[in-house]
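A.B. asks: The following block contains the structure, expressed as structure tokens.
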Amino acid sequence: MRIFTRPRNRSATPRDAVDSVPPLRHLVPLGLQHVIVAYSGMVTLPLVIGLGIGLSPAQITTLVTANVFVSGLATLLQTLGLFNIGVRLPIVMGSTFTGITPAIIVGKDSGLPAVFGATIVVGLITWLIAPWFAQLTRYFPPIVTGTTIAIIGFSLLPKTATMIAGSASADDHGAPERLLLAGGTIVLVVLLERLMRPAIGRFAILIALVVGTVVAWPLGLTDFSATESAPIFGVVEPFSFGTPTFVLSAILPMLIVQIVNMVESTGDTVAVGQVVGRKVESGDIARALRADGAGTALAGVFSSFPFVTFGGNVGLVSITRVMSRYVVATAGVILVIIGLMPKLGAVVASLPGPVLGGISVVMFGTLGAIGIKLMLAADFGNPRNHLVVAIAFGFGLMPVGSPDFYEQLPGPLQTVLSSGIAAGGIAAFLLNLLLNGVERDAAPEAPAADPAQPRPAS
């Protein structure tokens with residue numbers, strides 16, 4: 001496969017960083033970094049949905065395996081592209097947390113076949129409307145996309161607290177050794193970035209994970225017992241929970257969530273373009289959203305949930321400065337293999353929480369910083385932009401500080417506003433539209449005077 005080989009093109013025109021293919025000895029560990037950063041989210045989402053609906057452990061295992069498997073396929077589709085699907089940038093794909101609440105509600109009321117039927121429908125709708133949605137990029141200037149991306153990063157930061165401190169019911173919740181291990185992991189990433197050569201610094205996350213896990217072992221903070229019962233091989237079968245059913249009451253809330261996901265994907269795609277130095281046009285966004293739609297429809301077939309870009313991996317690209325899409329494609333291959341080998345997945349899922357939490361602090365914080373960098377492209381001499389950012393952050397962080405703030409609102413409204421990412425992004429969009437209007441296309445410049453032509457007399 002081309003992913004695992006050096007490019008043979010020796011023409012005078014070199015490939016840029018996005019299209020370059022590192023050697024195999026770098027591809028695998030660099031791709032593994034992306035897998036480890038994203039894996040906890042890929043496992044957590046189906047686990048939370050399965051527990052919320054009341055599924056058996058075997059059924060939850062099926063959801064987790066399917067989610068990891070389809071994440072790999074969707075990542076390959078996004079990075080390598082197929083016809084006009086996929087933006088061909090270093091983007092990792094995975095299920096979105098905004099879909100948790102509607103999936104649990106629909107699953108309880110109408111069953112999992114209705115959830116997966118709705119997932120297929122909204123995936124196809126996303127694929128169909130992608131070109132039209134991409135034309136709306138003029139409504140998402142830097143003040144909107146930057147604010148949304150910053151909210152994505154900073155609203156995810158509090159979620160690392162549970163990973164670091166452990167479950168509230170656990171005896172060692174918030175134990176000093178857990179906090180020290182997380183802090184030490186962060187310090188190690190900083191030291192590797194500061195002291196090591198770039199060739200080693202690009203592996204800073206992976207090195208910190210390995211060192212942190214070794215340190216956690218004698219402290220009793222590692223538990224690989226789940227790997228013993230996990231099978232070595234497993235087949236991800238389509239329609240594992242029966243033939244999908246198509247219920248309007250299930251499709252509507254999932255469609256609302258998917259529109260929010262499209263806004264998030266647009267912001268993440270712009271952020272990746274900013275990191276790798278490529279200008280993202282409306283056509284690029286359309287290809288990225290088609291991959292979102294195709295991946296979501298495929299997820300419904302294999303018993304998974306709506307897909308979106310993973311913001312934490314955008315931060316990883318920024319930190320390591322490894323911009324090759326083939327590295328992320330390698331991560332997609334690894335995810336597919338893990339999906340077919342549950343024992344490998346159990347090993348990754350058993351990595352110590354404080355170490356993963358420390359790494360996540362770096363990743364999510366970096367994503368927030370990328371959002372701020374995009375925001376600075378806006379005119380902050382205009383006090384209206386201050387108002388856009390202030391209120392959008394208020395809506396974005398309110399559900400983080402008080403998760404039950406909107407619990408008395410109607411179901412669909414509660415679904416949207418309870419997600420800080422959705423509420424903050426929508427607020428930024430509407431406030432910018434109200435206060436600043438729509439950015440008009442610049443008037444064409446007058447052609448430069450031809451020096452060969454005589455100038456008019458004064």
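Residues in the structure tokens are numbered from 1 in each chain, the chains being A, B, ... in the order shown, and ligands are numbered from 1 in the order shown.
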Which polymer residues have any atom within 12 Å of an atom of Thr62 (chain A), counting only C-alpha atoms, with same-chain residues fewer than 3 positions away left out, as a ChimeraX atom specification?

C.D. replies: /A:43,46-47,50,55-59,65-69,230,234-241,302-304,339-340,342

A.B. asks: Write out as a PyMOL selection string which residues come within 12 Å of Leu434 (chain A) when counting only C-alpha atoms, dropping same-chain ones fewer than 3 positions away.

C.D. replies: chain A and resi 139+384-385+387-388+427-431+437-439

A.B. asks: Out of A:Leu181, A:Ile105, A:Ile149, A:Ile426, which residue has the shortest atom-to-atom distance to Val314 (chain A) when counting only C-alpha atoms?

C.D. replies: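 Distance minimum relative to Val314 (chain A) lands on A:Ile149.
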
A.B. asks: For Phe246 (chain A), list every protein, DNA or RNA residue within 12 Å, evaluated using only C-alpha atoms, and leave out those in the same chain fewer than 4 positions away; present the list as a list of chain:residue names.

C.D. replies: A:Val106, A:Ser110, A:Gly111, A:Leu112, A:Pro113, A:Ala114, A:Val115, A:Phe116, A:Gly117, A:Ala118, A:Thr119, A:Ile120, A:Val121, A:Val122, A:Ala250, A:Ile251, A:Leu252, A:Met254, A:Gly300

A.B. asks: Report as a tab-separated table the residues of region 365-422 of chain A within 8 Å of region 140-146 of chain A, each with its shortest atom pair and distance in Å (one decimal), using only C-alpha atoms, ordered by chain and increasing residue number.

C.D. replies:
residue	atom	partner	partner_atom	distance
A:Ile370	CA	A:Gly146	CA	7.6
A:Gly371	CA	A:Gly146	CA	4.2
A:Ile372	CA	A:Gly146	CA	5.9
A:Lys373	CA	A:Gly146	CA	7.2
A:Leu374	CA	A:Gly146	CA	4.6
A:Met375	CA	A:Gly146	CA	4.5
A:Leu376	CA	A:Ile143	CA	7.8
A:Ala377	CA	A:Pro142	CA	6.1
A:Ala378	CA	A:Ile143	CA	5.6
A:Asn385	CA	A:Ile143	CA	7.1
A:Val388	CA	A:Ile143	CA	7.9
A:Val389	CA	A:Ile143	CA	7.6

A.B. asks: Can you tell me how far CA of Gln78 (chain A) sits from CA of Leu156 (chain A), in Å to one decimal?

C.D. replies: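 Those two atoms sit 23.3 Å apart.
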
A.B. asks: State, in Å with one decimal place, the distance from CA of Val257 (chain A) to CA of Leu367 (chain A).

C.D. replies: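 Those two atoms sit 21.7 Å apart.
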
A.B. asks: Between CA of Gln414 (chain A) and CA of Ile256 (chain A), what distance in Å does the model show, to one decimal?

C.D. replies: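 Computed distance, CA of Gln414 (chain A) to CA of Ile256 (chain A), equals 11.3 Å.
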